[in-house]
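Chemist: Here you go, final_36.pdb (PDB, C-alpha atoms):
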```pdb
ATOM      1  CA  MET O   8      40.068  16.448 -36.046
ATOM      2  CA  ILE O   9      39.706  14.391 -32.887
ATOM      3  CA  LEU O  10      42.328  13.550 -30.271
ATOM      4  CA  LEU O  11      42.236   9.980 -28.982
ATOM      5  CA  ALA O  12      44.239   9.405 -25.802
ATOM      6  CA  LYS O  13      45.207   6.269 -23.951
ATOM      7  CA  HIS O  14      44.851   6.763 -20.196
ATOM      8  CA  SER O  15      47.819   7.345 -17.924
ATOM      9  CA  GLN O  16      49.719   4.790 -15.851
ATOM     10  CA  SER O  17      47.623   2.878 -13.333
ATOM     11  CA  ALA O  18      48.420   1.337  -9.980
ATOM     12  CA  VAL O  19      48.388  -2.354 -10.928
ATOM     13  CA  ASP O  20      46.626  -4.644  -8.477
ATOM     14  CA  PRO O  21      46.668  -8.279  -9.684
ATOM     15  CA  ALA O  22      43.996  -9.147  -7.093
ATOM     16  CA  THR O  23      41.392  -6.881  -8.727
ATOM     17  CA  SER O  24      39.995  -6.361 -12.208
ATOM     18  CA  PRO O  25      41.902  -3.867 -14.391
ATOM     19  CA  THR O  26      38.542  -2.138 -14.910
ATOM     20  CA  THR O  27      38.767  -0.937 -11.285
ATOM     21  CA  TRP O  28      42.387   0.267 -11.261
ATOM     22  CA  VAL O  29      43.137   3.892 -10.422
ATOM     23  CA  LEU O  30      46.105   6.036 -11.426
ATOM     24  CA  SER O  31      49.433   5.628  -9.703
ATOM     25  CA  THR O  32      51.322   8.660  -8.386
ATOM     26  CA  ALA O  33      53.461   8.587 -11.543
ATOM     27  CA  GLY O  34      50.268   8.243 -13.576
ATOM     28  CA  ARG O  35      48.853  11.440 -12.136
ATOM     29  CA  ARG O  36      52.090  13.286 -13.023
ATOM     30  CA  ARG O  37      51.996  11.811 -16.516
ATOM     31  CA  ALA O  38      48.393  12.979 -16.936
ATOM     32  CA  VAL O  39      49.605  16.550 -16.367
ATOM     33  CA  ALA O  40      52.212  15.964 -19.105
ATOM     34  CA  LEU O  41      49.405  14.701 -21.349
ATOM     35  CA  ALA O  42      47.472  17.922 -20.737
ATOM     36  CA  ALA O  43      50.525  19.998 -21.663
ATOM     37  CA  SER O  44      51.093  17.959 -24.819
ATOM     38  CA  VAL O  45      47.584  18.517 -26.211
ATOM     39  CA  ARG O  46      47.494  22.293 -25.591
ATOM     40  CA  LEU O  47      48.696  23.020 -29.139
ATOM     41  CA  HIS O  48      45.544  21.340 -30.494
ATOM     42  CA  THR O  49      43.328  23.322 -28.071
ATOM     43  CA  PRO O  50      40.826  20.638 -27.089
ATOM     44  CA  THR O  51      37.487  22.200 -26.252
ATOM     45  CA  ARG O  52      35.888  19.251 -24.459
ATOM     46  CA  VAL O  53      37.078  16.007 -22.922
ATOM     47  CA  PHE O  54      35.166  12.734 -23.144
ATOM     48  CA  SER O  55      36.139   9.742 -21.029
ATOM     49  CA  SER O  56      35.677   6.056 -20.481
ATOM     50  CA  PRO O  57      34.036   5.349 -17.111
ATOM     51  CA  GLU O  58      36.943   3.189 -15.897
ATOM     52  CA  PRO O  59      38.698   4.953 -12.986
ATOM     53  CA  LYS O  60      42.161   5.149 -14.615
ATOM     54  CA  ALA O  61      40.712   6.788 -17.739
ATOM     55  CA  ARG O  62      38.289   9.004 -15.836
ATOM     56  CA  GLU O  63      41.057  10.248 -13.524
ATOM     57  CA  THR O  64      43.280  10.969 -16.527
ATOM     58  CA  ALA O  65      40.456  12.878 -18.216
ATOM     59  CA  GLU O  66      39.655  14.856 -15.069
ATOM     60  CA  ILE O  67      43.296  15.922 -14.638
ATOM     61  CA  VAL O  68      43.537  16.972 -18.288
ATOM     62  CA  ALA O  69      40.177  18.775 -18.220
ATOM     63  CA  ALA O  70      41.048  20.637 -15.005
ATOM     64  CA  THR O  71      44.430  21.661 -16.402
ATOM     65  CA  LEU O  72      42.886  22.874 -19.679
ATOM     66  CA  ARG O  73      39.803  24.328 -17.940
ATOM     67  CA  VAL O  74      37.324  22.457 -20.095
ATOM     68  CA  ASP O  75      34.406  20.168 -19.297
ATOM     69  CA  VAL O  76      34.595  16.391 -19.134
ATOM     70  CA  ALA O  77      31.794  13.968 -19.996
ATOM     71  CA  VAL O  78      31.920  10.270 -19.098
ATOM     72  CA  LEU O  79      30.482   7.927 -21.741
ATOM     73  CA  ASP O  80      30.117   4.207 -21.074
ATOM     74  CA  ALA O  81      30.723   3.214 -24.709
ATOM     75  CA  LEU O  82      34.304   4.588 -24.519
ATOM     76  CA  ARG O  83      35.289   1.725 -22.174
ATOM     77  CA  GLU O  84      37.954  -0.830 -23.052
ATOM     78  CA  HIS O  85      37.429  -4.023 -25.025
ATOM     79  CA  GLU O  86      35.594  -6.285 -22.578
ATOM     80  CA  ARG O  87      37.725  -9.317 -21.680
ATOM     81  CA  PRO O  88      36.670 -10.682 -18.279
ATOM     82  CA  SER O  89      38.333 -14.088 -18.729
ATOM     83  CA  LEU O  90      41.764 -12.746 -19.751
ATOM     84  CA  PRO O  91      44.123 -14.024 -17.049
ATOM     85  CA  PHE O  92      46.506 -11.601 -15.353
ATOM     86  CA  ALA O  93      49.752 -11.803 -17.342
ATOM     87  CA  THR O  94      52.942 -12.352 -15.413
ATOM     88  CA  SER O  95      54.984 -10.556 -18.078
ATOM     89  CA  ARG O  96      54.598  -7.867 -20.734
ATOM     90  CA  GLU O  97      55.466 -10.471 -23.394
ATOM     91  CA  ALA O  98      52.686 -12.831 -22.258
ATOM     92  CA  PHE O  99      50.157  -9.988 -22.280
ATOM     93  CA  GLU O 100      51.273  -8.895 -25.756
ATOM     94  CA  ARG O 101      50.833 -12.460 -27.074
ATOM     95  CA  GLU O 102      47.276 -12.550 -25.723
ATOM     96  CA  ILE O 103      46.403  -9.185 -27.279
ATOM     97  CA  ALA O 104      48.045 -10.129 -30.607
ATOM     98  CA  ASP O 105      45.880 -13.261 -30.650
ATOM     99  CA  ALA O 106      42.731 -11.194 -30.064
ATOM    100  CA  PHE O 107      43.657  -8.778 -32.878
ATOM    101  CA  ALA O 108      44.335 -11.760 -35.181
ATOM    102  CA  ARG O 109      40.782 -13.041 -34.572
ATOM    103  CA  PRO O 110      38.750  -9.813 -34.445
ATOM    104  CA  THR O 111      35.312 -11.376 -34.946
ATOM    105  CA  GLU O 112      35.759 -14.037 -32.245
ATOM    106  CA  VAL O 113      35.009 -13.585 -28.568
ATOM    107  CA  VAL O 114      38.449 -14.651 -27.347
ATOM    108  CA  PHE O 115      38.350 -13.689 -23.642
ATOM    109  CA  GLY O 116      34.625 -13.569 -22.998
ATOM    110  CA  GLY O 117      32.818 -10.238 -23.025
ATOM    111  CA  GLU O 118      33.018  -9.082 -26.630
ATOM    112  CA  SER O 119      35.005  -9.498 -29.823
ATOM    113  CA  ILE O 120      37.527  -6.897 -30.937
ATOM    114  CA  GLU O 121      35.192  -6.092 -33.831
ATOM    115  CA  ALA O 122      32.215  -5.530 -31.528
ATOM    116  CA  ALA O 123      34.343  -3.203 -29.381
ATOM    117  CA  ARG O 124      35.449  -1.316 -32.498
ATOM    118  CA  ARG O 125      31.866  -0.822 -33.696
ATOM    119  CA  ARG O 126      30.713   0.367 -30.249
ATOM    120  CA  PHE O 127      33.594   2.799 -29.979
ATOM    121  CA  GLN O 128      33.243   4.037 -33.575
ATOM    122  CA  GLU O 129      29.541   4.815 -33.160
ATOM    123  CA  THR O 130      30.327   6.887 -30.082
ATOM    124  CA  VAL O 131      33.230   8.731 -31.730
ATOM    125  CA  GLU O 132      30.997   9.528 -34.714
ATOM    126  CA  ARG O 133      28.404  11.053 -32.341
ATOM    127  CA  ILE O 134      31.124  13.070 -30.592
ATOM    128  CA  VAL O 135      32.464  14.386 -33.910
ATOM    129  CA  ALA O 136      28.932  15.254 -35.089
ATOM    130  CA  THR O 137      28.186  17.230 -31.912
ATOM    131  CA  THR O 138      31.520  19.083 -31.771
ATOM    132  CA  THR O 139      31.712  20.538 -35.284
ATOM    133  CA  GLY O 140      34.406  23.209 -35.426
ATOM    134  CA  GLU O 141      35.914  21.988 -32.146
ATOM    135  CA  THR O 142      38.696  19.560 -31.243
ATOM    136  CA  PRO O 143      37.380  17.000 -28.780
ATOM    137  CA  LEU O 144      39.703  14.818 -26.707
ATOM    138  CA  VAL O 145      38.630  11.246 -25.937
ATOM    139  CA  VAL O 146      40.414   9.486 -23.064
ATOM    140  CA  THR O 147      40.090   5.747 -23.442
ATOM    141  CA  HIS O 148      42.090   2.505 -23.563
ATOM    142  CA  GLY O 149      44.722   1.019 -25.836
ATOM    143  CA  THR O 150      42.944  -1.925 -27.439
ATOM    144  CA  VAL O 151      39.739  -0.146 -28.377
ATOM    145  CA  LEU O 152      41.665   2.956 -29.491
ATOM    146  CA  ALA O 153      44.038   0.933 -31.696
ATOM    147  CA  THR O 154      41.325  -1.170 -33.314
ATOM    148  CA  TYR O 155      39.241   1.919 -34.103
ATOM    149  CA  VAL O 156      42.147   3.871 -35.617
ATOM    150  CA  ALA O 157      43.331   0.809 -37.563
ATOM    151  CA  GLY O 158      39.848   0.231 -38.964
ATOM    152  CA  LEU O 159      39.687   3.811 -40.166
ATOM    153  CA  THR O 160      43.247   4.264 -41.446
ATOM    154  CA  GLY O 161      44.298   0.786 -42.570
ATOM    155  CA  HIS O 162      47.176   0.576 -40.065
ATOM    156  CA  ASP O 163      47.966  -2.698 -38.312
ATOM    157  CA  PRO O 164      46.033  -2.620 -34.994
ATOM    158  CA  PHE O 165      48.634  -4.569 -33.033
ATOM    159  CA  ALA O 166      51.442  -2.260 -34.205
ATOM    160  CA  LEU O 167      49.336   0.761 -33.217
ATOM    161  CA  TRP O 168      48.571  -0.803 -29.844
ATOM    162  CA  ARG O 169      52.262  -1.513 -29.172
ATOM    163  CA  GLY O 170      53.138   2.082 -30.113
ATOM    164  CA  LEU O 171      50.864   3.539 -27.438
ATOM    165  CA  ASP O 172      52.150   4.486 -24.008
ATOM    166  CA  LEU O 173      50.621   5.314 -20.633
ATOM    167  CA  PRO O 174      49.592   8.000 -21.597
ATOM    168  CA  SER O 175      49.752   8.788 -25.299
ATOM    169  CA  TRP O 176      47.503  10.240 -27.966
ATOM    170  CA  ILE O 177      46.756  10.172 -31.675
ATOM    171  CA  ALA O 178      45.312  13.133 -33.586
ATOM    172  CA  LEU O 179      42.995  11.746 -36.220
ATOM    173  CA  ASP O 180      41.530  13.473 -39.257
ATOM    174  CA  VAL O 181      38.361  11.405 -39.474
ATOM    175  CA  ASP O 182      37.346  12.708 -42.923
ATOM    176  CA  ALA O 183      40.782  12.021 -44.434
ATOM    177  CA  ARG O 184      41.049   8.746 -42.494
ATOM    178  CA  ALA O 185      44.572   9.688 -41.466
ATOM    179  CA  ILE O 186      46.735  10.106 -38.380
ATOM    180  CA  VAL O 187      47.976  13.714 -38.445
ATOM    181  CA  ASP O 188      49.921  13.844 -35.180
ATOM    182  CA  SER O 189      50.765  11.734 -32.153
ATOM    183  CA  TRP O 190      52.520  11.882 -28.806
ATOM    184  CA  ARG O 191      53.671   9.476 -26.136
ATOM    185  CA  VAL O 192      55.012  10.282 -22.698
ATOM    186  CA  THR O 193      58.206   8.249 -23.201
ATOM    187  CA  PRO O 194      59.484   8.610 -26.785
ATOM    188  CA  ARG O 195      61.171   5.592 -28.313
ATOM    189  CA  PRO O 196      62.608   4.888 -31.780
ATOM    190  CA  ASP O 197      59.655   2.748 -32.947
ATOM    191  CA  SER O 198      56.954   5.184 -31.785
ATOM    192  CA  LEU O 199      54.308   6.826 -33.943
ATOM    193  CA  ASN O 200      56.195  10.120 -33.573
ATOM    194  CA  ASP O 201      58.887   9.035 -36.037
TER
END
```
Represent the structure contained in this file as structure tokens.
Modeler:
Amino acid sequence: MILLAKHSQSAVDPATSPTTWVLSTAGRRRAVALAASVRLHTPTRVFSSPEPKARETAEIVAATLRVDVAVLDALREHERPSLPFATSREAFEREIADAFARPTEVVFGGESIEAARRRFQETVERIVATTTGETPLVVTHGTVLATYVAGLTGHDPFALWRGLDLPSWIALDVDARAIVDSWRVTPRPDSLND
């Protein structure tokens, strides 16, 4: 089993790239809640995207659980440098839905959803191969996490993406290609926990 977590809440700065955002004060508190929520699965190592919001989340979780953290570039988010800053959640969701609907196209510059999925999958496979008998925790980003899990399990990637929170996690049985558990910091009726 592997735990795949979406990073905690960041301090949004529309004047800078989301790849540079750090955690907000609430995000740091939520990262502690994330650490508490994964204790039952006893993660033995934490792997993180290099983006500050993910790395900070991973460092808080790793320090709380007293395990090591490794930063791996390939765990970064789907690259989308030309995606404009959305003025509303609805506008952002429409843009992401469009990208999921055209997974082989480079919609926002950078890379296609499919290329991001392949990059992420190769890295997760290496993590699983090197942590046999352990439960690794990967701290990453919503789009790449959702497209990877959807590709493995057959779930709709956009529905998975919308079900994630800042932070949240999915426990995945890679061999069975199945989600076996999940958690989000703010439960809601349409979440994966139901």
Chemist: Could you list, as a PyMOL selection string, every residue within 9 Å of Val53 of chain O, counting only C-alpha atoms and ignoring same-chain residues fewer than 6 positions away?
Modeler: chain O and resi 65-66+68-69+74-78+143-146
Chemist: Excluding same-chain residues fewer than 5 positions from Glu141 of chain O, what lies within 8 Å of it counting all atoms listed in the file, as a PyMOL selection string?
Modeler: chain O and resi 8+50-51
Chemist: For the interface of segment 30-140 of chain O with segment 166-175 of chain O (cut-off 7 Å, counting only C-alpha atoms), please tabulate each contacting residue of segment 30-140 of chain O alongside its nearest pair of atoms and their separation in Å to one decimal, rows sorted by chain and increasing number, as CSV.
Modeler:
```
residue,atom,partner,partner_atom,distance
O:Arg37,CA,O:Pro174,CA,6.8
O:Ala38,CA,O:Pro174,CA,6.9
O:Leu41,CA,O:Pro174,CA,6.7
```
Chemist: Pick out the residues sitting within 8 Å of Ala104 of chain O, and hand them over as a PyMOL selection string; count all atoms listed in the file, and ignore anything fewer than 4 positions along from it in its own chain.
Modeler: chain O and resi 100+108+165
Chemist: Write the residues of the selection above to a file with C-alpha atoms, as a short mmCIF file (atom, residue, chain, number, x, y, z; two decimals), keeping the file's coordinate frame.
Modeler:
```
data_model
loop_
_atom_site.label_atom_id
_atom_site.label_comp_id
_atom_site.auth_asym_id
_atom_site.auth_seq_id
_atom_site.Cartn_x
_atom_site.Cartn_y
_atom_site.Cartn_z
CA GLU O 100 51.27 -8.90 -25.76
CA ALA O 108 44.34 -11.76 -35.18
CA PHE O 165 48.63 -4.57 -33.03
#
```
Chemist: Name the residues captured by the PyMOL selection byres ((chain O and resi 182) around 12) when it is applied to the shown file; answer as an MDAnalysis selection string.
Modeler: chainID O and resid 8:9 132 135:136 159:160 179:181 183:187
Chemist: If you measure from atom CA of Pro25 of chain O to atom CA of Thr150 of chain O, what distance in Å do you get, rounded to one decimal?
Modeler: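 That distance, rounded to one decimal, is 13.2 Å.
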Chemist: As an exercise, work out the distance from atom CA of Ala42 of chain O to atom CA of Phe99 of chain O in Å and give it to one decimal place.
Modeler: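 Separating atom CA of Ala42 of chain O from atom CA of Phe99 of chain O is a distance of 28.1 Å.
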Chemist: If the PyMOL selection byres ((chain O and resi 91-97) around 10) is run on the structure shown, which residues does it catch, given as a list in words?
Modeler: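 Residues picked by the PyMOL selection byres ((chain O and resi 91-97) around 10): Asp20, Pro21, Ala22, Thr23, Ser24, Pro25, Arg87, Pro88, Ser89, Leu90, Ala98, Phe99, Glu100, Arg101, Glu102, Ile103 and Phe115 of chain O.
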Chemist: Find the residue from O:Thr26, O:Thr49, O:Gln128, O:Ser44 that sits nearest to Ala61 of chain O; use only C-alpha atoms when measuring.
Modeler: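 Of O:Thr26, O:Thr49, O:Gln128, O:Ser44, the one nearest Ala61 of chain O is O:Thr26, counting only C-alpha atoms.
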Chemist: Name the residues that the PyMOL selection byres ((chain O and resi 81) around 9) picks from the file above, as a PyMOL selection string, using the file's chain letters and numbers.
Modeler: chain O and resi 56-57+79-80+82-84+123+126-127+129-130
Chemist: How many Å separate atom CA of Ser119 of chain O from atom CA of Thr64 of chain O?
Modeler: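 That distance, rounded to one decimal, is 25.8 Å.
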Chemist: Which residue out of O:Thr27, O:Thr32, O:Thr71, O:Ser15 has the minimum interatomic distance to His148 of chain O when only C-alpha atoms are used?
Modeler: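 Looking at the shortest contact to His148 of chain O, the residue is O:Ser15.
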